[in-house]
$ cat query.cif   # mmCIF, C-alpha atoms (C1' of nucleotides)
data_input
loop_
_atom_site.group_PDB
_atom_site.id
_atom_site.type_symbol
_atom_site.label_atom_id
_atom_site.label_comp_id
_atom_site.auth_asym_id
_atom_site.auth_seq_id
_atom_site.Cartn_x
_atom_site.Cartn_y
_atom_site.Cartn_z
ATOM 1 C CA MET A 1 -14.349 0.894 31.589
ATOM 2 C CA ALA A 2 -15.903 -2.339 30.473
ATOM 3 C CA VAL A 3 -14.043 -5.024 28.642
ATOM 4 C CA ASN A 4 -15.298 -6.212 25.303
ATOM 5 C CA PRO A 5 -14.934 -9.977 25.183
ATOM 6 C CA ASP A 6 -16.309 -10.143 21.621
ATOM 7 C CA SER A 7 -13.531 -8.115 20.122
ATOM 8 C CA HIS A 8 -10.793 -9.868 18.224
ATOM 9 C CA ILE A 9 -8.425 -7.858 20.376
ATOM 10 C CA PRO A 10 -7.497 -9.821 23.504
ATOM 11 C CA ILE A 11 -8.840 -8.534 26.779
ATOM 12 C CA TYR A 12 -5.394 -8.075 28.292
ATOM 13 C CA GLU A 13 -4.455 -5.876 25.364
ATOM 14 C CA GLN A 14 -7.602 -3.807 25.755
ATOM 15 C CA ILE A 15 -6.632 -3.305 29.359
ATOM 16 C CA VAL A 16 -3.096 -2.351 28.405
ATOM 17 C CA GLU A 17 -4.341 0.321 26.061
ATOM 18 C CA HIS A 18 -6.896 1.530 28.551
ATOM 19 C CA VAL A 19 -4.477 1.893 31.447
ATOM 20 C CA CYS A 20 -1.886 3.386 29.148
ATOM 21 C CA GLY A 21 -4.419 5.997 28.159
ATOM 22 C CA LEU A 22 -5.195 6.792 31.772
ATOM 23 C CA ILE A 23 -1.520 7.267 32.511
ATOM 24 C CA ALA A 24 -1.058 9.426 29.456
ATOM 25 C CA ALA A 25 -4.038 11.512 30.478
ATOM 26 C CA GLY A 26 -2.610 12.030 33.940
ATOM 27 C CA VAL A 27 -5.384 10.211 35.748
ATOM 28 C CA TYR A 28 -2.682 8.135 37.349
ATOM 29 C CA ARG A 29 0.406 10.201 38.088
ATOM 30 C CA ALA A 30 4.002 9.242 38.597
ATOM 31 C CA ASP A 31 4.599 7.065 41.670
ATOM 32 C CA GLU A 32 0.900 6.732 42.193
ATOM 33 C CA ALA A 33 -0.417 3.246 42.845
ATOM 34 C CA LEU A 34 -2.691 1.556 40.373
ATOM 35 C CA PRO A 35 -5.402 -0.828 41.528
ATOM 36 C CA SER A 36 -3.939 -4.126 42.690
ATOM 37 C CA VAL A 37 -4.001 -7.134 40.421
ATOM 38 C CA ARG A 38 -6.833 -8.675 42.361
ATOM 39 C CA GLY A 39 -8.656 -5.399 42.814
ATOM 40 C CA MET A 40 -8.565 -4.582 39.145
ATOM 41 C CA ALA A 41 -9.683 -8.122 38.351
ATOM 42 C CA LEU A 42 -12.742 -7.651 40.522
ATOM 43 C CA GLN A 43 -13.410 -4.244 39.061
ATOM 44 C CA LEU A 44 -13.245 -5.431 35.453
ATOM 45 C CA ARG A 45 -14.703 -8.844 36.197
ATOM 46 C CA VAL A 46 -11.904 -10.784 34.638
ATOM 47 C CA ASN A 47 -9.462 -13.307 35.969
ATOM 48 C CA PRO A 48 -6.534 -11.922 37.979
ATOM 49 C CA ASN A 49 -4.169 -13.649 35.600
ATOM 50 C CA THR A 50 -5.494 -11.539 32.786
ATOM 51 C CA ILE A 51 -4.707 -8.399 34.736
ATOM 52 C CA GLN A 52 -1.313 -9.730 35.591
ATOM 53 C CA ARG A 53 -0.560 -10.235 31.942
ATOM 54 C CA ALA A 54 -1.659 -6.716 31.136
ATOM 55 C CA TYR A 55 0.515 -5.328 33.932
ATOM 56 C CA GLN A 56 3.415 -7.407 32.687
ATOM 57 C CA GLU A 57 3.174 -5.802 29.299
ATOM 58 C CA LEU A 58 2.844 -2.380 30.808
ATOM 59 C CA GLU A 59 5.966 -2.976 32.824
ATOM 60 C CA ARG A 60 7.820 -4.252 29.788
ATOM 61 C CA GLY A 61 6.794 -1.041 28.077
ATOM 62 C CA GLY A 62 8.226 0.956 30.937
ATOM 63 C CA PHE A 63 4.973 2.598 31.914
ATOM 64 C CA ILE A 64 4.706 1.096 35.356
ATOM 65 C CA ARG A 65 6.846 -0.491 38.022
ATOM 66 C CA THR A 66 5.669 -3.335 40.162
ATOM 67 C CA ARG A 67 6.930 -4.218 43.588
ATOM 68 C CA LYS A 68 6.123 -7.416 45.348
ATOM 69 C CA GLY A 69 4.099 -6.839 48.419
ATOM 70 C CA LEU A 70 3.617 -3.190 47.663
ATOM 71 C CA GLY A 71 1.694 -2.778 44.481
ATOM 72 C CA VAL A 72 1.904 -1.326 41.006
ATOM 73 C CA PHE A 73 3.102 2.218 40.481
ATOM 74 C CA VAL A 74 3.335 4.588 37.578
ATOM 75 C CA SER A 75 6.953 4.949 36.606
ATOM 76 C CA THR A 76 8.668 8.314 36.579
ATOM 77 C CA GLN A 77 8.700 8.641 32.821
ATOM 78 C CA GLY A 78 5.408 6.745 32.585
ATOM 79 C CA ALA A 79 3.342 9.689 31.501
ATOM 80 C CA THR A 80 5.604 10.810 28.696
ATOM 81 C CA SER A 81 6.123 7.246 27.493
ATOM 82 C CA ALA A 82 2.410 6.640 27.527
ATOM 83 C CA GLN A 83 1.774 9.833 25.654
ATOM 84 C CA LYS A 84 4.254 8.799 23.017
ATOM 85 C CA LYS A 85 2.772 5.369 22.697
ATOM 86 C CA THR A 86 -0.708 6.772 22.465
ATOM 87 C CA GLU A 87 0.286 9.225 19.795
ATOM 88 C CA ASN A 88 1.773 6.382 17.831
ATOM 89 C CA ALA A 89 -1.434 4.446 18.201
ATOM 90 C CA ILE A 90 -3.368 7.430 16.925
ATOM 91 C CA LEU A 91 -1.016 7.866 14.019
ATOM 92 C CA GLU A 92 -1.380 4.221 13.177
ATOM 93 C CA ARG A 93 -5.151 4.463 13.080
ATOM 94 C CA PHE A 94 -5.002 7.512 10.875
ATOM 95 C CA VAL A 95 -2.517 5.980 8.478
ATOM 96 C CA GLU A 96 -4.638 2.864 8.251
ATOM 97 C CA GLY A 97 -7.672 4.903 7.332
ATOM 98 C CA ILE A 98 -5.800 7.039 4.864
ATOM 99 C CA ASP A 99 -4.319 3.970 3.294
ATOM 100 C CA LEU A 100 -7.743 2.493 2.844
ATOM 101 C CA GLY A 101 -8.869 5.686 1.213
ATOM 102 C CA ARG A 102 -5.969 5.736 -1.167
ATOM 103 C CA LYS A 103 -6.559 2.173 -2.150
ATOM 104 C CA THR A 104 -10.099 2.970 -3.156
ATOM 105 C CA LYS A 105 -8.911 5.960 -5.110
ATOM 106 C CA LEU A 106 -10.342 8.576 -2.808
ATOM 107 C CA GLY A 107 -8.683 11.929 -3.244
ATOM 108 C CA PRO A 108 -7.021 13.765 -0.351
ATOM 109 C CA ALA A 109 -9.855 16.229 -0.215
ATOM 110 C CA ARG A 110 -12.369 13.463 0.222
ATOM 111 C CA ILE A 111 -10.278 11.823 2.893
ATOM 112 C CA GLN A 112 -10.017 15.074 4.772
ATOM 113 C CA THR A 113 -13.747 15.479 4.585
ATOM 114 C CA VAL A 114 -14.189 12.124 6.244
ATOM 115 C CA PHE A 115 -11.692 13.157 8.891
ATOM 116 C CA ARG A 116 -13.569 16.351 9.608
ATOM 117 C CA ARG A 117 -16.710 14.329 9.987
ATOM 118 C CA ALA A 118 -14.917 12.063 12.428
ATOM 119 C CA MET A 119 -13.772 15.076 14.414
ATOM 120 C CA ARG A 120 -17.322 16.224 14.698
ATOM 121 C CA SER A 121 -18.666 12.903 15.906
ATOM 122 C CA PRO A 122 -18.824 13.263 19.673
ATOM 123 C CA ARG A 123 -17.952 9.747 20.767
ATOM 124 C CA ARG A 124 -17.800 6.336 19.317
ATOM 125 C CA PRO A 125 -21.265 4.884 19.019
ATOM 126 C CA ALA A 126 -21.708 1.280 20.064
ATOM 127 C CA ASP A 127 -20.329 -0.899 17.321
ATOM 128 C CA PRO A 128 -20.198 -4.612 16.738
ATOM 129 C CA ASN A 129 -16.630 -4.141 15.584
ATOM 130 C CA ASP A 130 -15.773 -2.031 18.526
ATOM 131 C CA LYS A 131 -12.302 -2.595 19.868
ATOM 132 C CA ARG A 132 -12.580 -0.779 23.148
ATOM 133 C CA THR A 133 -15.366 0.125 25.457
ATOM 134 C CA GLU A 134 -16.266 2.790 27.899
ATOM 135 C CA THR A 135 -16.653 2.921 31.599
ATOM 136 C CA MET B 1 -1.539 -7.830 -1.824
ATOM 137 C CA ALA B 2 0.129 -9.782 0.917
ATOM 138 C CA VAL B 3 -1.710 -11.232 3.827
ATOM 139 C CA ASN B 4 -0.439 -10.604 7.313
ATOM 140 C CA PRO B 5 -0.812 -13.780 9.360
ATOM 141 C CA ASP B 6 0.559 -12.126 12.484
ATOM 142 C CA SER B 7 -2.155 -9.530 12.684
ATOM 143 C CA HIS B 8 -4.904 -9.939 15.230
ATOM 144 C CA ILE B 9 -7.236 -9.316 12.314
ATOM 145 C CA PRO B 10 -8.191 -12.648 10.796
ATOM 146 C CA ILE B 11 -6.877 -13.366 7.329
ATOM 147 C CA TYR B 12 -10.324 -13.796 5.869
ATOM 148 C CA GLU B 13 -11.270 -10.373 7.150
ATOM 149 C CA GLN B 14 -8.171 -8.834 5.657
ATOM 150 C CA ILE B 15 -9.172 -10.384 2.363
ATOM 151 C CA VAL B 16 -12.711 -9.114 2.693
ATOM 152 C CA GLU B 17 -11.453 -5.608 3.187
ATOM 153 C CA HIS B 18 -8.950 -5.941 0.408
ATOM 154 C CA VAL B 19 -11.416 -7.240 -2.176
ATOM 155 C CA CYS B 20 -13.976 -4.738 -1.012
ATOM 156 C CA GLY B 21 -11.460 -2.029 -1.670
ATOM 157 C CA LEU B 22 -10.753 -3.329 -5.151
ATOM 158 C CA ILE B 23 -14.437 -3.326 -5.944
ATOM 159 C CA ALA B 24 -14.838 0.152 -4.543
ATOM 160 C CA ALA B 25 -11.867 1.317 -6.576
ATOM 161 C CA GLY B 26 -13.379 -0.101 -9.743
ATOM 162 C CA VAL B 27 -10.674 -2.642 -10.328
ATOM 163 C CA TYR B 28 -13.401 -5.235 -10.485
ATOM 164 C CA ARG B 29 -16.549 -3.923 -12.153
ATOM 165 C CA ALA B 30 -20.141 -5.016 -11.982
ATOM 166 C CA ASP B 31 -20.780 -8.506 -13.367
ATOM 167 C CA GLU B 32 -17.094 -9.055 -13.719
ATOM 168 C CA ALA B 33 -15.721 -12.325 -12.407
ATOM 169 C CA LEU B 34 -13.369 -12.322 -9.469
ATOM 170 C CA PRO B 35 -10.587 -14.872 -9.219
ATOM 171 C CA SER B 36 -11.951 -18.291 -8.371
ATOM 172 C CA VAL B 37 -11.761 -19.568 -4.836
ATOM 173 C CA ARG B 38 -8.820 -21.771 -5.687
ATOM 174 C CA GLY B 39 -7.165 -19.215 -7.907
ATOM 175 C CA MET B 40 -7.298 -16.548 -5.240
ATOM 176 C CA ALA B 41 -6.042 -19.059 -2.716
ATOM 177 C CA LEU B 42 -2.997 -19.745 -4.851
ATOM 178 C CA GLN B 43 -2.470 -16.069 -5.463
ATOM 179 C CA LEU B 44 -2.559 -15.143 -1.773
ATOM 180 C CA ARG B 45 -1.010 -18.397 -0.616
ATOM 181 C CA VAL B 46 -3.764 -19.263 1.795
ATOM 182 C CA ASN B 47 -6.154 -22.137 2.081
ATOM 183 C CA PRO B 48 -9.135 -22.121 -0.313
ATOM 184 C CA ASN B 49 -11.443 -22.321 2.667
ATOM 185 C CA THR B 50 -10.141 -19.023 3.904
ATOM 186 C CA ILE B 51 -11.035 -17.466 0.571
ATOM 187 C CA GLN B 52 -14.399 -19.120 0.682
ATOM 188 C CA ARG B 53 -15.117 -17.618 4.038
ATOM 189 C CA ALA B 54 -14.109 -14.207 2.779
ATOM 190 C CA TYR B 55 -16.331 -14.610 -0.258
ATOM 191 C CA GLN B 56 -19.183 -15.723 1.982
ATOM 192 C CA GLU B 57 -18.944 -12.531 3.944
ATOM 193 C CA LEU B 58 -18.693 -10.471 0.807
ATOM 194 C CA GLU B 59 -21.824 -12.137 -0.484
ATOM 195 C CA ARG B 60 -23.627 -11.558 2.775
ATOM 196 C CA GLY B 61 -22.671 -7.924 2.451
ATOM 197 C CA GLY B 62 -24.154 -7.828 -1.036
ATOM 198 C CA PHE B 63 -20.938 -6.971 -2.806
ATOM 199 C CA ILE B 64 -20.692 -10.125 -4.853
ATOM 200 C CA ARG B 65 -22.798 -12.986 -6.071
ATOM 201 C CA THR B 66 -21.563 -16.536 -6.311
ATOM 202 C CA ARG B 67 -22.818 -19.239 -8.605
ATOM 203 C CA LYS B 68 -21.906 -22.851 -8.343
ATOM 204 C CA GLY B 69 -19.907 -24.014 -11.272
ATOM 205 C CA LEU B 70 -19.634 -20.527 -12.691
ATOM 206 C CA GLY B 71 -17.681 -18.322 -10.363
ATOM 207 C CA VAL B 72 -17.903 -15.202 -8.289
ATOM 208 C CA PHE B 73 -19.180 -11.970 -9.744
ATOM 209 C CA VAL B 74 -19.385 -8.394 -8.607
ATOM 210 C CA SER B 75 -22.990 -7.550 -7.927
ATOM 211 C CA THR B 76 -24.747 -4.723 -9.684
ATOM 212 C CA GLN B 77 -24.651 -2.386 -6.735
ATOM 213 C CA GLY B 78 -21.349 -3.825 -5.580
ATOM 214 C CA ALA B 79 -19.260 -0.759 -6.311
ATOM 215 C CA THR B 80 -21.465 1.723 -4.514
ATOM 216 C CA SER B 81 -21.953 -0.608 -1.568
ATOM 217 C CA ALA B 82 -18.242 -1.199 -1.345
ATOM 218 C CA GLN B 83 -17.509 2.489 -1.470
ATOM 219 C CA LYS B 84 -19.928 3.068 1.344
ATOM 220 C CA LYS B 85 -18.458 0.297 3.418
ATOM 221 C CA THR B 86 -14.948 1.489 2.806
ATOM 222 C CA GLU B 87 -15.795 5.016 3.792
ATOM 223 C CA ASN B 88 -17.301 3.688 6.961
ATOM 224 C CA ALA B 89 -14.164 1.723 7.654
ATOM 225 C CA ILE B 90 -12.105 4.850 7.181
ATOM 226 C CA LEU B 91 -14.396 6.844 9.405
ATOM 227 C CA GLU B 92 -14.153 4.181 12.050
ATOM 228 C CA ARG B 93 -10.371 4.301 12.007
ATOM 229 C CA PHE B 94 -10.393 8.043 12.296
ATOM 230 C CA VAL B 95 -12.913 8.049 15.112
ATOM 231 C CA GLU B 96 -10.879 5.447 16.937
ATOM 232 C CA GLY B 97 -7.776 7.556 16.691
ATOM 233 C CA ILE B 98 -9.560 10.735 17.668
ATOM 234 C CA ASP B 99 -11.146 8.962 20.565
ATOM 235 C CA LEU B 100 -7.780 7.825 21.783
ATOM 236 C CA GLY B 101 -6.541 11.367 21.541
ATOM 237 C CA ARG B 102 -9.436 12.752 23.494
ATOM 238 C CA LYS B 103 -8.988 10.196 26.203
ATOM 239 C CA THR B 104 -5.424 11.294 26.695
ATOM 240 C CA LYS B 105 -6.502 14.901 26.740
ATOM 241 C CA LEU B 106 -4.950 15.884 23.464
ATOM 242 C CA GLY B 107 -6.473 19.026 22.050
ATOM 243 C CA PRO B 108 -8.068 19.133 18.600
ATOM 244 C CA ALA B 109 -5.126 21.064 17.228
ATOM 245 C CA ARG B 110 -2.731 18.395 18.344
ATOM 246 C CA ILE B 111 -4.896 15.670 16.892
ATOM 247 C CA GLN B 112 -5.058 17.466 13.600
ATOM 248 C CA THR B 113 -1.307 17.776 13.577
ATOM 249 C CA VAL B 114 -0.998 14.037 13.922
ATOM 250 C CA PHE B 115 -3.473 13.636 11.104
ATOM 251 C CA ARG B 116 -1.480 15.901 8.848
ATOM 252 C CA ARG B 117 1.581 13.903 9.596
ATOM 253 C CA ALA B 118 -0.308 10.758 8.683
ATOM 254 C CA MET B 119 -1.393 12.314 5.407
ATOM 255 C CA ARG B 120 2.207 13.051 4.575
ATOM 256 C CA SER B 121 3.449 9.562 5.267
ATOM 257 C CA PRO B 122 3.491 7.867 1.881
ATOM 258 C CA ARG B 123 2.554 4.434 3.029
ATOM 259 C CA ARG B 124 2.751 2.637 6.254
ATOM 260 C CA PRO B 125 1.900 -1.019 6.175
ATOM 261 C CA ALA B 126 1.604 -2.164 9.772
ATOM 262 C CA ASP B 127 3.164 -5.369 8.582
ATOM 263 C CA PRO B 128 6.383 -6.317 6.898
ATOM 264 C CA ASN B 129 5.169 -6.853 3.359
ATOM 265 C CA ASP B 130 8.356 -8.407 2.150
ATOM 266 C CA LYS B 131 8.664 -10.922 4.923
ATOM 267 C CA ARG B 132 8.897 -13.919 2.665
ATOM 268 C CA THR B 133 9.689 -14.037 -0.988
ATOM 269 C CA GLU B 134 8.289 -17.312 -2.040
ATOM 270 C CA THR B 135 7.570 -18.367 -5.569
ATOM 271 C "C1'" DC C 1 -20.941 -39.417 -20.330
ATOM 272 C "C1'" DA C 2 -16.173 -37.682 -19.210
ATOM 273 C "C1'" DT C 3 -13.485 -34.135 -17.923
ATOM 274 C "C1'" DA C 4 -12.272 -30.013 -15.851
ATOM 275 C "C1'" DC C 5 -13.390 -26.293 -14.079
ATOM 276 C "C1'" DT C 6 -16.542 -23.698 -10.721
ATOM 277 C "C1'" DG C 7 -18.533 -23.126 -5.456
ATOM 278 C "C1'" DT C 8 -19.985 -25.809 -1.021
ATOM 279 C "C1'" DA C 9 -19.917 -28.646 3.098
ATOM 280 C "C1'" DT C 10 -17.859 -31.345 6.720
ATOM 281 C "C1'" DT C 11 -14.533 -32.699 9.691
ATOM 282 C "C1'" DA C 12 -10.185 -32.312 12.093
ATOM 283 C "C1'" DG C 13 -6.325 -30.151 14.055
ATOM 284 C "C1'" DT C 14 -3.608 -26.244 15.810
ATOM 285 C "C1'" DG C 15 -2.829 -22.335 18.445
ATOM 286 C "C1'" DC C 16 -4.173 -18.567 21.332
ATOM 287 C "C1'" DT C 17 -6.932 -16.537 24.905
ATOM 288 C "C1'" DC C 18 -8.942 -16.771 28.997
ATOM 289 C "C1'" DT C 19 -10.169 -18.970 33.283
ATOM 290 C "C1'" DA C 20 -9.217 -21.509 37.410
ATOM 291 C "C1'" DG C 21 -6.772 -23.243 41.231
ATOM 292 C "C1'" DT C 22 -2.829 -23.514 43.842
ATOM 293 C "C1'" DA C 23 1.490 -22.340 45.664
ATOM 294 C "C1'" DC C 24 5.232 -19.143 46.353
ATOM 295 C "C1'" DA C 25 7.473 -14.480 47.627
ATOM 296 C "C1'" DG C 26 7.811 -9.875 49.545
ATOM 297 C "C1'" DT C 27 5.899 -5.978 52.694
ATOM 298 C "C1'" DA C 28 3.296 -3.838 56.449
ATOM 299 C "C1'" DG C 29 1.298 -3.779 60.869
ATOM 300 C "C1'" DG C 30 -0.860 -5.674 65.082
ATOM 301 C "C1'" DC D 1 5.596 -14.093 64.795
ATOM 302 C "C1'" DC D 2 1.174 -13.926 62.570
ATOM 303 C "C1'" DT D 3 -1.984 -12.140 59.544
ATOM 304 C "C1'" DA D 4 -3.345 -9.870 55.561
ATOM 305 C "C1'" DC D 5 -2.357 -7.670 52.011
ATOM 306 C "C1'" DT D 6 0.690 -7.015 47.784
ATOM 307 C "C1'" DG D 7 2.875 -9.322 43.108
ATOM 308 C "C1'" DT D 8 4.546 -13.864 40.801
ATOM 309 C "C1'" DA D 9 4.680 -18.509 38.863
ATOM 310 C "C1'" DC D 10 2.944 -22.669 37.325
ATOM 311 C "C1'" DT D 11 -0.232 -26.144 35.604
ATOM 312 C "C1'" DA D 12 -4.386 -27.665 33.569
ATOM 313 C "C1'" DG D 13 -8.304 -27.099 30.922
ATOM 314 C "C1'" DA D 14 -12.313 -25.090 28.168
ATOM 315 C "C1'" DG D 15 -13.608 -22.407 24.327
ATOM 316 C "C1'" DC D 16 -12.969 -20.339 20.120
ATOM 317 C "C1'" DA D 17 -10.977 -18.669 15.767
ATOM 318 C "C1'" DC D 18 -8.467 -19.906 12.094
ATOM 319 C "C1'" DT D 19 -6.519 -23.092 8.949
ATOM 320 C "C1'" DA D 20 -6.333 -27.404 6.423
ATOM 321 C "C1'" DA D 21 -7.732 -31.590 3.888
ATOM 322 C "C1'" DT D 22 -11.086 -33.997 1.732
ATOM 323 C "C1'" DA D 23 -15.262 -35.056 -0.334
ATOM 324 C "C1'" DC D 24 -19.524 -33.337 -2.483
ATOM 325 C "C1'" DA D 25 -22.369 -30.535 -5.916
ATOM 326 C "C1'" DG D 26 -23.281 -27.700 -10.042
ATOM 327 C "C1'" DT D 27 -21.917 -25.980 -14.925
ATOM 328 C "C1'" DA D 28 -19.685 -26.030 -19.376
ATOM 329 C "C1'" DT D 29 -17.679 -28.411 -23.180
ATOM 330 C "C1'" DG D 30 -16.443 -31.983 -26.320
#
$ encode --input "query.cif" --output "structure tokens"
Amino acid sequence: MAVNPDSHIPIYEQIVEHVCGLIAAGVYRADEALPSVRGMALQLRVNPNTIQRAYQELERGGFIRTRKGLGVFVSTQGATSAQKKTENAILERFVEGIDLGRKTKLGPARIQTVFRRAMRSPRRPADPNDKRTET
Amino acid sequence: MAVNPDSHIPIYEQIVEHVCGLIAAGVYRADEALPSVRGMALQLRVNPNTIQRAYQELERGGFIRTRKGLGVFVSTQGATSAQKKTENAILERFVEGIDLGRKTKLGPARIQTVFRRAMRSPRRPADPNDKRTET
DNA sequence: CATACTGTATTAGTGCTCTAGTACAGTAGG
DNA sequence: CCTACTGTACTAGAGCACTAATACAGTATG
């Protein structure tokens, strides 16, 4: 994963969504340790404080548990919570798009066509408006 | 339309998308005048400069033409351009959502289910539209 | 020309994000 | 105990995006 500093979405939020996705996908499992604050900061080339803020939000969301001196661990219900959150995020994106379509008087059929096209597109191509980036 | 100042999307960009949608929908037709910078500012309760910036971007995108002392007008190809742009915006939202789903290992069927649910939801403004009822 | 409307430019201020440095607190292991 | 690793807290500052106020410039009309 690489952070996109040009996005209007703050870096710490990009990280939150990224890590949340990894937990939801089962890359990090319950009770498994995530990279340390400093380690992750090195890895993503951002300031440790930025990571800390992301981890704070993840803890507030109940996805992880942090323990001083030990590290950061996926919480027991982390995976299911993350999955729920991610599904909400997906729903939100879809509703946003559909809303746009309705506003410009596109019919449902047309909107669905666009969706099918989106399903076919393999992966997000590099975009100036991109909100998240890949590893 | 109500602007959402709490969004991480800048107000001027919200306005750009909004006006673009109106043009695409045919609410404003070719050569028709849009509300003046100051008029729109009053209407949306934002600073005229914010409107100006939105109009600047719309002009750069070729959707409108501005003339000192006269006003702002929908360009000849404004509608078709706006439709194209809007469809791209929709596609982008969909791809974003789908991408999220893929990252969390959701199958296509599951993703489509979420989409259907989104299609059913009548309207979901990500912002409280009725947050303040000023004059 | 005077007025009143248009859009434009410039400058300033506010708030948020991010970075940086430093210090503190808990745990593990030699 | 000492060291080295964990997370945490705090302060200060730079940079940037957004907003705001004000002054400038062009057009129409009487």
$ calpha_fit_rmsd --input "query.cif" --fixed "chain A" --moving "chain B"
3.2 Å
$ interface_residues --input "query.cif" --of "chain A" --to "chain B" --cutoff "6 Å" --atoms "only C-alpha atoms" --output "PyMOL selection string"
chain A and resi 21+24-25+90+93-95+97+104-105+118
$ resolve_selection --input "query.cif" --expression "the PyMOL selection byres ((chain C) within 8 of (chain A))" --output "MDAnalysis selection string"
chainID C and resid 17:19 25:27
$ interface_residues --input "query.cif" --of "chain D" --to "chain B" --cutoff "12 Å" --atoms "only C-alpha atoms (C1' of nucleotides)" --output "JSON, numbers by chain"
{"D": [17, 18, 19, 20, 21, 22, 25, 26, 27, 28]}
$ atom_distance --input "query.cif" --atom1 "CA of Ala33 in chain A" --atom2 "CA of Asn4 in chain A"
24.9 Å
$ atom_distance --input "query.cif" --atom1 "C1' of DA14 in chain D" --atom2 "C1' of DA20 in chain C"
10.4 Å
$ resolve_selection --input "query.cif" --expression "the PyMOL selection byres ((chain D and resi 10) around 10)" --output "PyMOL selection string"
(chain C and resi 22-24) or (chain D and resi 8-9+11-12)
$ atom_distance --input "query.cif" --atom1 "CA of Val72 in chain A" --atom2 "CA of Pro35 in chain A"
7.3 Å
$ residues_around --input "query.cif" --residues "Arg29 in chain B" --least-positions-apart "6" --cutoff "10 Å" --atoms "all atoms listed in the file" --output "list in words"
Leu22, Ile23, Phe73, Val74, Ser75, Thr76, Gln77, Gly78 and Ala79 of chain B
$ resolve_selection --input "query.cif" --expression "the PyMOL selection byres ((chain A and resi 58-61) around 9)" --output "number ranges by chain"
A: 16, 19-20, 53-57, 62-66, 75, 81-82
$ closest_residue --input "query.cif" --among "D:DT6, D:DG30, D:DC24, D:DC1" --to "DC1 in chain C" --atoms "only C-alpha atoms (C1' of nucleotides)"
D:DG30
$ decode --input "query.cif" --residues "range 114-118 of chain A" --atoms "all heavy atoms" --output "compact mmCIF listing (two decimals), in the first residue's frame"
# COMPACT_ATOMS: atom_id res chain seq x y z
N VAL A 114 -24.04 1.09 -16.20
CA VAL A 114 -22.78 1.66 -15.71
C VAL A 114 -22.19 0.74 -14.63
O VAL A 114 -20.99 0.49 -14.61
CB VAL A 114 -23.00 3.07 -15.14
CG1 VAL A 114 -21.71 3.61 -14.54
CG2 VAL A 114 -23.51 4.00 -16.22
N PHE A 115 -23.07 0.22 -13.78
CA PHE A 115 -22.59 -0.67 -12.73
C PHE A 115 -21.95 -1.92 -13.32
O PHE A 115 -20.89 -2.37 -12.87
CB PHE A 115 -23.74 -1.05 -11.80
CG PHE A 115 -23.31 -2.01 -10.71
CD1 PHE A 115 -22.56 -1.54 -9.64
CD2 PHE A 115 -23.65 -3.35 -10.76
CE1 PHE A 115 -22.16 -2.41 -8.64
CE2 PHE A 115 -23.25 -4.22 -9.76
CZ PHE A 115 -22.51 -3.74 -8.70
N ARG A 116 -22.61 -2.47 -14.32
CA ARG A 116 -22.04 -3.68 -14.94
C ARG A 116 -20.68 -3.37 -15.53
O ARG A 116 -19.74 -4.17 -15.43
CB ARG A 116 -22.99 -4.20 -16.02
CG ARG A 116 -23.92 -5.28 -15.50
CD ARG A 116 -24.67 -5.93 -16.64
NE ARG A 116 -25.68 -5.03 -17.20
CZ ARG A 116 -26.91 -4.88 -16.70
NH1 ARG A 116 -27.27 -5.58 -15.64
NH2 ARG A 116 -27.76 -4.06 -17.25
N ARG A 117 -20.57 -2.19 -16.11
CA ARG A 117 -19.28 -1.81 -16.67
C ARG A 117 -18.24 -1.73 -15.55
O ARG A 117 -17.09 -2.18 -15.70
CB ARG A 117 -19.41 -0.46 -17.38
CG ARG A 117 -18.17 -0.04 -18.10
CD ARG A 117 -18.49 0.67 -19.42
NE ARG A 117 -19.36 1.81 -19.25
CZ ARG A 117 -18.93 3.07 -19.10
NH1 ARG A 117 -17.64 3.32 -19.12
NH2 ARG A 117 -19.77 4.06 -18.97
N ALA A 118 -18.65 -1.18 -14.44
CA ALA A 118 -17.73 -1.07 -13.30
C ALA A 118 -17.29 -2.45 -12.83
O ALA A 118 -16.13 -2.67 -12.49
CB ALA A 118 -18.39 -0.30 -12.17
